[in-house]
Structure formats: structure tokens, C-alpha cells
>>> print(open('input37.csv').read())   # CSV, C-alpha atoms
chain,number,residue,atom,x,y,z
A,1273,MET,CA,-57.9,-15.4,38.7
A,1274,LYS,CA,-57.2,-12.4,40.9
A,1275,ALA,CA,-60.5,-11.7,42.7
A,1276,LEU,CA,-61.7,-9.1,45.1
A,1277,VAL,CA,-64.5,-10.1,47.5
A,1278,ALA,CA,-66.2,-6.8,48.5
A,1279,TYR,CA,-69.1,-7.0,50.9
A,1280,PHE,CA,-71.6,-5.1,53.0
A,1281,SER,CA,-72.6,-6.7,56.2
A,1282,ALA,CA,-75.0,-5.1,58.7
A,1283,THR,CA,-74.9,-7.8,61.4
A,1284,GLY,CA,-71.8,-9.9,60.6
A,1285,VAL,CA,-73.6,-12.8,58.7
A,1286,THR,CA,-72.5,-11.6,55.2
A,1287,ALA,CA,-69.0,-10.9,56.6
A,1288,LYS,CA,-68.6,-14.5,57.5
A,1289,ALA,CA,-69.8,-15.7,54.1
A,1290,ALA,CA,-67.4,-13.2,52.4
A,1291,LYS,CA,-64.4,-14.4,54.4
A,1292,ALA,CA,-65.2,-18.0,53.5
A,1293,LEU,CA,-65.5,-17.2,49.8
A,1294,ALA,CA,-62.3,-15.1,49.9
A,1295,GLY,CA,-60.5,-18.1,51.4
A,1296,ALA,CA,-61.9,-20.5,48.9
A,1297,VAL,CA,-60.9,-18.4,45.9
A,1298,GLY,CA,-57.7,-16.9,47.3
A,1299,GLY,CA,-59.3,-13.4,46.9
A,1300,ASP,CA,-58.7,-10.2,48.8
A,1301,LEU,CA,-61.4,-8.8,51.1
A,1302,TYR,CA,-62.9,-5.4,51.2
A,1303,GLU,CA,-65.6,-4.3,53.6
A,1304,ILE,CA,-68.1,-1.8,52.4
A,1305,LYS,CA,-68.8,0.3,55.5
A,1306,PRO,CA,-71.5,3.0,55.9
A,1307,ALA,CA,-70.4,6.4,57.1
A,1308,VAL,CA,-72.9,5.9,59.9
A,1309,PRO,CA,-73.1,2.3,61.1
A,1310,TYR,CA,-76.5,0.7,61.2
A,1311,SER,CA,-78.0,0.1,64.7
A,1312,ALA,CA,-80.5,-2.6,65.6
A,1313,ALA,CA,-83.2,0.0,65.5
A,1314,ASP,CA,-82.1,1.1,62.0
A,1315,LEU,CA,-82.5,-2.5,60.8
A,1316,ASN,CA,-86.0,-3.0,62.2
A,1317,TRP,CA,-87.8,-3.8,58.9
A,1318,MET,CA,-91.1,-3.9,60.8
A,1319,ASP,CA,-90.8,-0.2,61.6
A,1320,LYS,CA,-91.7,1.8,58.5
A,1321,GLY,CA,-89.7,4.8,60.0
A,1322,SER,CA,-86.5,2.8,60.5
A,1323,ARG,CA,-83.5,3.9,58.6
A,1324,SER,CA,-83.3,0.8,56.5
A,1325,SER,CA,-87.0,0.9,55.7
A,1326,VAL,CA,-86.8,4.6,54.6
A,1327,GLU,CA,-83.7,3.9,52.4
A,1328,MET,CA,-85.3,0.9,50.7
A,1329,ARG,CA,-88.5,2.7,49.9
A,1330,ASP,CA,-86.6,5.3,48.0
A,1331,ALA,CA,-84.7,3.9,45.0
A,1332,ARG,CA,-82.6,7.1,44.8
A,1333,SER,CA,-81.3,6.6,48.4
A,1334,ARG,CA,-77.5,6.4,48.5
A,1335,PRO,CA,-76.2,6.1,52.1
A,1336,ALA,CA,-72.8,7.5,52.4
A,1337,LEU,CA,-69.7,5.3,52.5
A,1338,ALA,CA,-67.2,5.5,55.4
A,1339,ALA,CA,-64.4,5.4,52.8
A,1340,ALA,CA,-63.9,5.3,49.0
A,1341,ASP,CA,-60.7,3.4,49.0
A,1342,ALA,CA,-61.7,0.0,47.5
A,1343,PRO,CA,-58.9,-1.3,45.2
A,1344,VAL,CA,-61.2,-2.2,42.4
A,1345,ALA,CA,-58.9,-1.1,39.6
A,1346,GLY,CA,-56.5,-4.0,40.2
A,1347,TYR,CA,-59.1,-6.7,39.7
A,1348,ASP,CA,-61.1,-8.2,36.8
A,1349,VAL,CA,-63.5,-10.1,38.9
A,1350,ILE,CA,-65.3,-8.7,41.9
A,1351,PHE,CA,-67.5,-10.9,44.1
A,1352,LEU,CA,-70.0,-8.5,45.6
A,1353,GLY,CA,-71.9,-9.6,48.7
A,1354,PHE,CA,-74.7,-8.2,50.8
A,1355,PRO,CA,-77.7,-9.2,52.9
A,1356,VAL,CA,-80.9,-9.3,50.9
A,1357,TRP,CA,-83.2,-6.5,52.0
A,1358,TRP,CA,-86.7,-6.3,50.5
A,1359,TYR,CA,-85.8,-8.8,47.8
A,1360,VAL,CA,-82.9,-6.7,46.5
A,1361,ALA,CA,-79.5,-5.4,47.5
A,1362,PRO,CA,-79.4,-2.6,50.1
A,1363,THR,CA,-79.0,0.8,48.5
A,1364,ILE,CA,-75.5,1.3,50.0
A,1365,VAL,CA,-74.4,-1.3,47.4
A,1366,ASN,CA,-75.5,1.1,44.7
A,1367,THR,CA,-73.5,3.8,46.5
A,1368,PHE,CA,-70.5,1.5,46.3
A,1369,LEU,CA,-70.9,0.7,42.6
A,1370,GLU,CA,-71.4,4.3,41.7
A,1371,ALA,CA,-68.2,5.4,43.5
A,1372,TYR,CA,-65.9,3.4,41.1
A,1373,ASP,CA,-65.4,2.6,37.4
A,1374,PHE,CA,-66.3,-1.0,36.9
A,1375,THR,CA,-66.1,-0.9,33.1
A,1376,GLY,CA,-64.9,-4.2,31.7
A,1377,LYS,CA,-65.1,-6.0,35.0
A,1378,THR,CA,-67.2,-9.0,36.0
A,1379,ILE,CA,-69.2,-8.6,39.1
A,1380,VAL,CA,-70.6,-11.9,40.7
A,1381,LEU,CA,-73.3,-11.3,43.3
A,1382,PHE,CA,-73.6,-13.4,46.4
A,1383,ALA,CA,-75.9,-12.8,49.3
A,1384,THR,CA,-77.2,-13.9,52.7
A,1385,SER,CA,-80.9,-14.0,53.4
A,1386,GLY,CA,-83.2,-15.1,56.2
A,1387,GLY,CA,-85.9,-16.1,53.8
A,1388,SER,CA,-85.7,-14.9,50.2
A,1389,GLY,CA,-83.3,-15.5,47.2
A,1390,LEU,CA,-81.4,-12.9,45.3
A,1391,GLY,CA,-84.6,-11.6,43.9
A,1392,LYS,CA,-84.1,-8.7,41.5
A,1393,SER,CA,-80.7,-7.7,42.9
A,1394,ALA,CA,-78.8,-7.9,39.6
A,1395,ALA,CA,-81.4,-5.8,37.8
A,1396,GLY,CA,-81.4,-3.2,40.6
A,1397,LEU,CA,-77.6,-2.9,40.4
A,1398,ARG,CA,-76.9,-2.8,36.7
A,1399,ALA,CA,-77.6,0.9,36.2
A,1400,SER,CA,-75.1,1.7,39.0
A,1401,ALA,CA,-72.2,-0.1,37.2
A,1402,PRO,CA,-72.5,0.7,33.5
A,1403,GLY,CA,-69.9,-1.2,31.4
A,1404,ALA,CA,-69.7,-4.1,34.0
A,1405,LYS,CA,-71.0,-7.6,33.5
A,1406,ILE,CA,-73.1,-8.3,36.6
A,1407,MET,CA,-73.9,-12.0,37.2
A,1408,ASP,CA,-76.4,-13.4,39.6
A,1409,GLY,CA,-74.5,-15.7,42.0
A,1410,ARG,CA,-76.0,-17.5,44.9
A,1411,LEU,CA,-77.0,-17.3,48.5
A,1412,LEU,CA,-74.2,-18.2,50.9
A,1413,ASN,CA,-76.2,-19.0,54.0
A,1414,GLY,CA,-75.2,-21.4,56.9
A,1415,ARG,CA,-72.1,-23.5,57.0
A,1416,LEU,CA,-69.9,-22.9,54.0
A,1417,ASN,CA,-67.8,-25.7,52.7
A,1418,GLU,CA,-64.6,-24.6,51.0
A,1419,ALA,CA,-64.7,-27.4,48.3
A,1420,GLU,CA,-68.3,-26.5,47.5
A,1421,LEU,CA,-67.4,-22.8,47.2
A,1422,LYS,CA,-64.5,-23.6,44.9
A,1423,ALA,CA,-66.7,-25.8,42.7
A,1424,TRP,CA,-69.3,-23.0,42.5
A,1425,VAL,CA,-66.7,-20.5,41.4
A,1426,GLN,CA,-65.1,-22.8,38.8
A,1427,GLY,CA,-68.6,-23.5,37.4
A,1428,LEU,CA,-69.1,-19.8,36.8
A,1429,LYS,CA,-66.7,-19.8,33.7
A,1430,LEU,CA,-65.2,-16.4,34.5
>>> encode(input="input37.csv", output="C-alpha cells")
Amino acid sequence: MKALVAYFSATGVTAKAAKALAGAVGGDLYEIKPAVPYSAADLNWMDKGSRSSVEMRDARSRPALAAADAPVAGYDVIFLGFPVWWYVAPTIVNTFLEAYDFTGKTIVLFATSGGSGLGKSAAGLRASAPGAKIMDGRLLNGRLNEAELKAWVQGLKL
């Protein structure tokens, strides 16, 4: 299986998980970067006026990407990672999915979270990737064991 591990990481936690997963599956890494990086103030979910709060309240929000050069065409399986914000994927993940054609591809979600699961992430992303099969994956928090990651991926029956 030739896999791409694409991820958005605001603070570095999801980046660590993505690197561990890419190592376990022998996949290539691609970081989804916002055109304007998120500051600590932007990520303050307790501030209703913070950038992340404003974006997450508006389902149509599509933060701009720093680049649109992800090599998705060369892969059948894309592991897509993100931190869980408000029980779903950050809207920049929708921006990423809408920037490419994922028709016929399998997208496996993985996430990091301080307290919730994947929630309704898959449902919130399906409309942004018509023609793709989006699968709920799992949280990849804490210490990540390569053997455990390999077993998880093998169990997906991709």
C-alpha cells in the first residue's frame, strides 16, 4: 500500500502522531499549513472572538492554505490527521479536501484530542470530498507504538 499521511497540526501534537503513523505504514508525509499560522491567541477556545472560535462557528469558513501542492494524485489511500476542535475537524481540513480531487480514494481519519473522540468529523468532511470513501479512524494520542499502529492499519482492510 502506498499511503500519504496528510495532517494539520496547530501546536505540534498532531504532527508527532502523523510522523509516527507515516513511519509505521511507510507512508509519505504532507503538512497542511494555513496561509496565516495560528497563534496561541487564535487557538483560545474560551475566547468567542478568537480566530478558531469564529471559524468553527461558521460551517462555511474555509481558511486559506499556504500551498496547494499536496501530491494526492499519486496515492489511493490518504491518512488525514487533525486536532479535534469542537467535536469535528478544523475547517482548514475542509479547505484541504476541496482543493483536490479525491474521487476513488480512501481517506482514513486520525486525530488528536485533549478530551473528545472523533465526534462527527467524518460526517462533516464527506461533502468536501465527493467520490471519496472517508473512514473514521482513531485517536492517536500519547505514546505511539509502531507495532500497534501497524496492527491498526492492517485491521482497516484497505
>>> residues_around(input="input37.csv", residues="Val1297 in chain A", least_positions_apart="4", cutoff="10 Å", atoms="all atoms listed in the file", output="ChimeraX atom specification")
/A:1273-1277,1292-1293,1418,1421-1423,1425-1426
>>> atom_distance(input="input37.csv", atom1="CA of Gly1396 in chain A", atom2="CA of Thr1375 in chain A")
17.2 Å
>>> atom_distance(input="input37.csv", atom1="CA of Leu1430 in chain A", atom2="CA of Ala1371 in chain A")
23.8 Å
>>> closest_residue(input="input37.csv", among="A:Trp1317, A:Phe1368, A:Phe1354, A:Tyr1310", to="Ser1400 in chain A", atoms="all atoms listed in the file")
A:Phe1368
>>> residues_around(input="input37.csv", residues="Gly1409 in chain A", least_positions_apart="5", cutoff="7 Å", atoms="all atoms listed in the file", output="PyMOL selection string")
chain A and resi 1380-1382
>>> residues_around(input="input37.csv", residues="range 1384-1387 of chain A", least_positions_apart="3", cutoff="12 Å", atoms="all atoms listed in the file", output="ChimeraX atom specification")
/A:1279-1290,1352-1362,1381,1390-1391,1409-1416
>>> axis_aligned_box(input="input37.csv", around="range 1367-1379 of chain A", padding_each_side="3 Å", output="lines of an AutoDock Vina configuration file")
center_x = -69.2
center_y = -1.8
center_z = 39.1
size_x = 14.6
size_y = 20.4
size_z = 20.8
>>> atom_distance(input="input37.csv", atom1="CA of Asp1408 in chain A", atom2="CA of Gly1298 in chain A")
20.5 Å
>>> closest_residue(input="input37.csv", among="A:Leu1315, A:Thr1363, A:Asn1417, A:Trp1424", to="Arg1329 in chain A", atoms="all atoms listed in the file")
A:Thr1363
